[in-house]
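Written out below as structure tokens is the structure these notes cover.
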Amino acid sequence: MLTDEYIKRVYDQVVARDGDQPEFLQAVREVFETLQPVVEKHPEYEKAGVLERIVEPERTIKFRVAWVDDEGKVQVNRGYRIQFNSAIGPYKGGLRFHPTVTESVVKFLGFEQILKNSLTTLPMGGGKGGSDFNPKGKSDAEVMRFCQAFMTELSRHIGQFTDVPAGDINVGGREIGYLFGQYKRIRDEYSGVLTGKGLEFGGSLARTEATGYGVCYYTQEALRVLRNDSFEGKTVVISGSGNVATYAAQKAEQLGAKVVTVSDSNGYIYDPNGINVEVVKQIKEVERGRIKEYAERVPGSEYHEGSKGVWTVKGDIALPCATQNEVDGESAQKLVDNGVTVVVEGANMPSTPEAIEVYQKNGVLYGPAKAANAGGVAVSGLEMSQNSYRLSWTFEEVDAKLKSICPCFPVRRQGHCYMYNEQQVLSQIRKPDNNLASTSITPELTTVDQHMDQRAGPWPTWSSKPSTESLHRA
């Protein structure tokens with residue numbers, strides 16, 4: 001519940017302005033409820049308009065994407081890029097190609113990306129993009145033509161020092177390759193403008209595994225710090241079968257757990273002997289098939305229609321790795337009733353507010369996505385660094401850096417595992433748009449007061465366009 005008057009007023013403004021964007025409103029409210037104690041202690045944030053600025057994107061880009069299918073017919077989709085906040089670095093966040101993509105979905109993802117990126121301690125702002133294009137059932141040639149049309153427009157808005165997109169749902173190595181090739185063709189430039197690239201043209205080892213591995217590194221540290229426990233001997237329920245789910249399953253097994261489920265939008269697999277990750281990779285990464293094929297290849301496993309049923313399986317740890325709002329209050333209660341005591345989010349905002357309430361009432365160790373799945377963007381940041389240095393690190397080097405980043409996130413707060421405190425969230429505070437001074441984040445996560453003190457004198461109140469000299473002074 002929102003009780004602080006300043007927070008309530010800002011949230012009401014967001015509702016009035018973006019009332020038709022339910023996913024974005026959900027994300028804002030979740031963050032605002034957590035920030036209330038911080039804002040109450042710092043009334044100066046109201047004068048500075050901190051919350052008003054953190055919920056309003058710096059730039060919203062929406063565009064038409066016209067492409068030609070294999071039948072020679074022109075198809076039209078809608079493309080988006082939300083450049084939300086560049087306070088600590090270039091905009092950074094993935095591209096999602098899925099029929100459910102709307103401005104609200106992209107906006108909520110971009111908003112969460114601000115906070116997620118600040119946690120990595122790497123110099124990355126927050127952004128997100130995508131299209132309502134569905135690559136499923138399309139030929140490679142059709143996907144290529146769509147990606148080229150998409151990048152033809154997007155290329156004018158991005159750059160290695162401006163905005164660096166990556167992959168997300170349905171945007172993997174194939175799509176990133178097509179996008180990068182078109183960017184290079186249009187701009188006549190070979191640069192680190194995208195992450196998740198192929199190893200042959202600037203990609204990073206461990207990037208494919210990073211989000212799933214990071215979820216498990218986070219969970220392992222949360223278990224150690226908050227429960228004096230580990231993955232060893234635990235039964236894990238995972239949803240999804242994309243990169244996040246696949247490599248979370250792989251790492252959980254390496255850490256001593258048994259993963260018994262994976263799923264896709266049609267249904268889920270239950271394998272009491274433990275999911276064979278290599279079979280999942282063959283079906284989803286190589287053949288681009290449906291997860292029901294797993295049951296045809298692995299004796300003893302079962303396929304069940306309806307992806308929501310995955311939450312009825314008994315286990316100790318649940319890792320939702322599919323999509324937003326996949327766990328509602330009813331599903332969360334089933335998890336608790338079936339013995340789950342740890343829920344760590346691999347997907348973005350997979351739990352509804354009702355589900356989170358169930359976790360909290362039942363003492364579930366809960367790791368929100370803004371921290372738990374930040375491993376992917378952390379390694380994207382490391383890929384950017386490698387591109388700038390014109391070198392490549394080994395898998396072991398990248399994995400070691402990932403391990404050093406992800407376990408820093410869990411903090412003890414009311415018996416739960418939360419992803420942010422006031423210093424981390426408000427590291428994204430930015431000065432007004434006509435003031436070039438902006439805040440930065442350091443590995444030590446300097447205090448909010450220090451961020452506020454980075455203003456270069458009083459904020460200007462120009463009544464006309466400022467001169468270059470006055471902008472420099474500001």
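Residues in the structure tokens are numbered from 1 in each chain, the chains being A, B, ... in the order shown, and ligands are numbered from 1 in the order shown.
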Can you tell me, as a PDB file with C-alpha atoms, in the first residue's frame, what residues are no more than 7 Å from Arg81 of chain A when counting only C-alpha atoms, ignoring any on the same chain fewer than 4 positions away?
ATOM      1  CA  THR A  60      10.155   6.827 -26.526  1.00  0.00           C
ATOM      2  CA  ILE A  61      10.577   5.626 -30.104  1.00  0.00           C
ATOM      3  CA  LYS A  62       7.767   3.830 -31.954  1.00  0.00           C
ATOM      4  CA  LYS A 128      14.390  -1.808 -23.801  1.00  0.00           C
ATOM      5  CA  GLY A 129      12.887  -2.474 -27.209  1.00  0.00           C
ATOM      6  CA  GLY A 130      11.229  -4.964 -29.482  1.00  0.00           C
TER       7      GLY A 130
END
Original post:
Where does DSSP see alpha helix (DSSP H) in segment 89-281 of chain A, if you list the residues as an MDAnalysis selection string?
Top reply: chainID A and resid 103:119 140:154 173:187 207:222 243:254 277:281
Original post:
Nearest to Phe32 of chain A: which of A:Phe111, A:Tyr268, A:Tyr45, A:Tyr11 is it, counting only C-alpha atoms?
Top reply: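 The shortest atom-to-atom distance to Phe32 of chain A comes from A:Tyr11.
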Subject >> For Met151 of chain A: contacts at 12 Å, only C-alpha atoms, fewer than 5 positions along chain excluded, given as a PyMOL selection string >> reply: chain A and resi 63-67+79-81+95+129-131+144-146+156-159+165+175-187+193-194
**OP:** Kindly give the distance, in Å, that separates atom CA of Glu326 of chain A and atom CA of Ser265 of chain A, rounded to a single decimal.
**Re:** 10.4 Å
Subject >> DSSP strand (DSSP E or B) residues within segment 159-402 of chain A, listed as number ranges by chain >> reply: A: 159, 163-167, 235-238, 258-259, 261-263, 267-270, 302-305, 317-319, 327, 342-344, 351, 365-367
Subject >> Nearby residues (only C-alpha atoms) at most 9 Å from Val215 of chain A, same-chain spacing under 5 positions excluded, as a PyMOL selection string >> reply: chain A and resi 210+220+244+248+319+344-346+369+371-375+406
Since we have the selection now, will you write its residues out, keeping N, CA and C atoms, as a PDB file, in the first residue's frame?
ATOM      1  N   ALA A 210      24.828 -16.661 -19.321  1.00  0.00           N
ATOM      2  CA  ALA A 210      24.980 -15.709 -18.221  1.00  0.00           C
ATOM      3  C   ALA A 210      23.733 -15.506 -17.372  1.00  0.00           C
ATOM      4  N   GLN A 220      22.236 -19.290  -4.864  1.00  0.00           N
ATOM      5  CA  GLN A 220      23.195 -19.980  -3.994  1.00  0.00           C
ATOM      6  C   GLN A 220      23.666 -19.060  -2.870  1.00  0.00           C
ATOM      7  N   VAL A 244      17.442 -18.654 -20.511  1.00  0.00           N
ATOM      8  CA  VAL A 244      17.475 -18.479 -19.054  1.00  0.00           C
ATOM      9  C   VAL A 244      17.163 -19.794 -18.366  1.00  0.00           C
ATOM     10  N   ALA A 248      19.894 -22.074 -16.383  1.00  0.00           N
ATOM     11  CA  ALA A 248      19.620 -22.149 -14.944  1.00  0.00           C
ATOM     12  C   ALA A 248      19.534 -23.616 -14.533  1.00  0.00           C
ATOM     13  N   LEU A 319      12.119 -21.578  -9.829  1.00  0.00           N
ATOM     14  CA  LEU A 319      12.775 -20.545 -10.625  1.00  0.00           C
ATOM     15  C   LEU A 319      11.892 -20.218 -11.828  1.00  0.00           C
ATOM     16  N   VAL A 344      13.038 -17.656  -6.781  1.00  0.00           N
ATOM     17  CA  VAL A 344      13.961 -16.671  -7.349  1.00  0.00           C
ATOM     18  C   VAL A 344      13.615 -16.504  -8.826  1.00  0.00           C
ATOM     19  N   GLU A 345      13.441 -15.260  -9.256  1.00  0.00           N
ATOM     20  CA  GLU A 345      12.889 -14.969 -10.567  1.00  0.00           C
ATOM     21  C   GLU A 345      13.961 -14.878 -11.655  1.00  0.00           C
ATOM     22  N   GLY A 346      13.820 -15.719 -12.686  1.00  0.00           N
ATOM     23  CA  GLY A 346      14.709 -15.658 -13.832  1.00  0.00           C
ATOM     24  C   GLY A 346      14.132 -14.815 -14.954  1.00  0.00           C
ATOM     25  N   ALA A 369      13.369 -10.349  -9.784  1.00  0.00           N
ATOM     26  CA  ALA A 369      14.107 -10.414 -11.049  1.00  0.00           C
ATOM     27  C   ALA A 369      15.116  -9.296 -11.203  1.00  0.00           C
ATOM     28  N   ALA A 371      17.245  -8.208  -9.467  1.00  0.00           N
ATOM     29  CA  ALA A 371      18.588  -8.629  -9.052  1.00  0.00           C
ATOM     30  C   ALA A 371      18.917 -10.002  -9.593  1.00  0.00           C
ATOM     31  N   ALA A 372      17.959 -10.920  -9.476  1.00  0.00           N
ATOM     32  CA  ALA A 372      18.259 -12.324  -9.742  1.00  0.00           C
ATOM     33  C   ALA A 372      18.629 -12.593 -11.183  1.00  0.00           C
ATOM     34  N   ASN A 373      18.031 -11.854 -12.143  1.00  0.00           N
ATOM     35  CA  ASN A 373      18.380 -12.152 -13.537  1.00  0.00           C
ATOM     36  C   ASN A 373      19.300 -11.095 -14.154  1.00  0.00           C
ATOM     37  N   ALA A 374      20.008 -10.368 -13.312  1.00  0.00           N
ATOM     38  CA  ALA A 374      20.917  -9.337 -13.820  1.00  0.00           C
ATOM     39  C   ALA A 374      22.216  -9.902 -14.366  1.00  0.00           C
ATOM     40  N   GLY A 375      22.410 -11.213 -14.266  1.00  0.00           N
ATOM     41  CA  GLY A 375      23.645 -11.800 -14.778  1.00  0.00           C
ATOM     42  C   GLY A 375      23.812 -11.622 -16.271  1.00  0.00           C
ATOM     43  N   CYS A 406      27.206 -11.205  -9.258  1.00  0.00           N
ATOM     44  CA  CYS A 406      25.863 -11.647  -8.838  1.00  0.00           C
ATOM     45  C   CYS A 406      25.696 -11.856  -7.341  1.00  0.00           C
TER      46      CYS A 406
END
Write out as a PDB file with N, CA and C atoms, in the first residue's frame which residues come within 9 Å of Ile291 of chain A when counting only C-alpha atoms, dropping same-chain ones fewer than 4 positions away.
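Result file follows (part39.pdb):
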ATOM      1  N   SER A 241      11.918 -22.681 -21.340  1.00  0.00           N
ATOM      2  CA  SER A 241      12.911 -23.567 -21.957  1.00  0.00           C
ATOM      3  C   SER A 241      13.810 -22.789 -22.911  1.00  0.00           C
ATOM      4  N   VAL A 262      10.641 -28.316 -17.099  1.00  0.00           N
ATOM      5  CA  VAL A 262      10.826 -27.182 -18.009  1.00  0.00           C
ATOM      6  C   VAL A 262       9.493 -27.029 -18.743  1.00  0.00           C
ATOM      7  N   SER A 263       9.298 -25.899 -19.425  1.00  0.00           N
ATOM      8  CA  SER A 263       8.002 -25.681 -20.071  1.00  0.00           C
ATOM      9  C   SER A 263       8.151 -24.781 -21.284  1.00  0.00           C
ATOM     10  N   ASP A 264       7.082 -24.686 -22.062  1.00  0.00           N
ATOM     11  CA  ASP A 264       6.949 -23.624 -23.052  1.00  0.00           C
ATOM     12  C   ASP A 264       5.503 -23.146 -23.017  1.00  0.00           C
ATOM     13  N   ASN A 266       2.946 -23.968 -24.518  1.00  0.00           N
ATOM     14  CA  ASN A 266       1.910 -24.987 -24.710  1.00  0.00           C
ATOM     15  C   ASN A 266       1.739 -25.920 -23.529  1.00  0.00           C
ATOM     16  N   GLY A 267       2.819 -26.214 -22.823  1.00  0.00           N
ATOM     17  CA  GLY A 267       2.738 -27.171 -21.726  1.00  0.00           C
ATOM     18  C   GLY A 267       4.069 -27.334 -21.028  1.00  0.00           C
ATOM     19  N   TYR A 268       4.156 -28.368 -20.171  1.00  0.00           N
ATOM     20  CA  TYR A 268       5.400 -28.550 -19.416  1.00  0.00           C
ATOM     21  C   TYR A 268       5.808 -30.017 -19.370  1.00  0.00           C
ATOM     22  N   ILE A 269       7.096 -30.216 -19.138  1.00  0.00           N
ATOM     23  CA  ILE A 269       7.690 -31.540 -18.986  1.00  0.00           C
ATOM     24  C   ILE A 269       7.976 -31.785 -17.506  1.00  0.00           C
ATOM     25  N   VAL A 280      17.093 -30.751 -24.099  1.00  0.00           N
ATOM     26  CA  VAL A 280      16.388 -29.465 -24.190  1.00  0.00           C
ATOM     27  C   VAL A 280      17.106 -28.543 -25.171  1.00  0.00           C
ATOM     28  N   ILE A 283      16.464 -29.604 -28.784  1.00  0.00           N
ATOM     29  CA  ILE A 283      15.104 -29.295 -29.248  1.00  0.00           C
ATOM     30  C   ILE A 283      14.911 -27.802 -29.462  1.00  0.00           C
ATOM     31  N   LYS A 284      15.338 -26.995 -28.498  1.00  0.00           N
ATOM     32  CA  LYS A 284      15.002 -25.566 -28.522  1.00  0.00           C
ATOM     33  C   LYS A 284      16.033 -24.716 -29.273  1.00  0.00           C
ATOM     34  N   ALA A 295       9.419 -35.491 -24.201  1.00  0.00           N
ATOM     35  CA  ALA A 295       8.818 -36.725 -23.685  1.00  0.00           C
ATOM     36  C   ALA A 295       8.934 -37.868 -24.683  1.00  0.00           C
ATOM     37  N   TYR A 303       4.769 -35.343 -20.507  1.00  0.00           N
ATOM     38  CA  TYR A 303       4.372 -34.036 -21.028  1.00  0.00           C
ATOM     39  C   TYR A 303       2.942 -33.741 -20.617  1.00  0.00           C
TER      40      TYR A 303
END
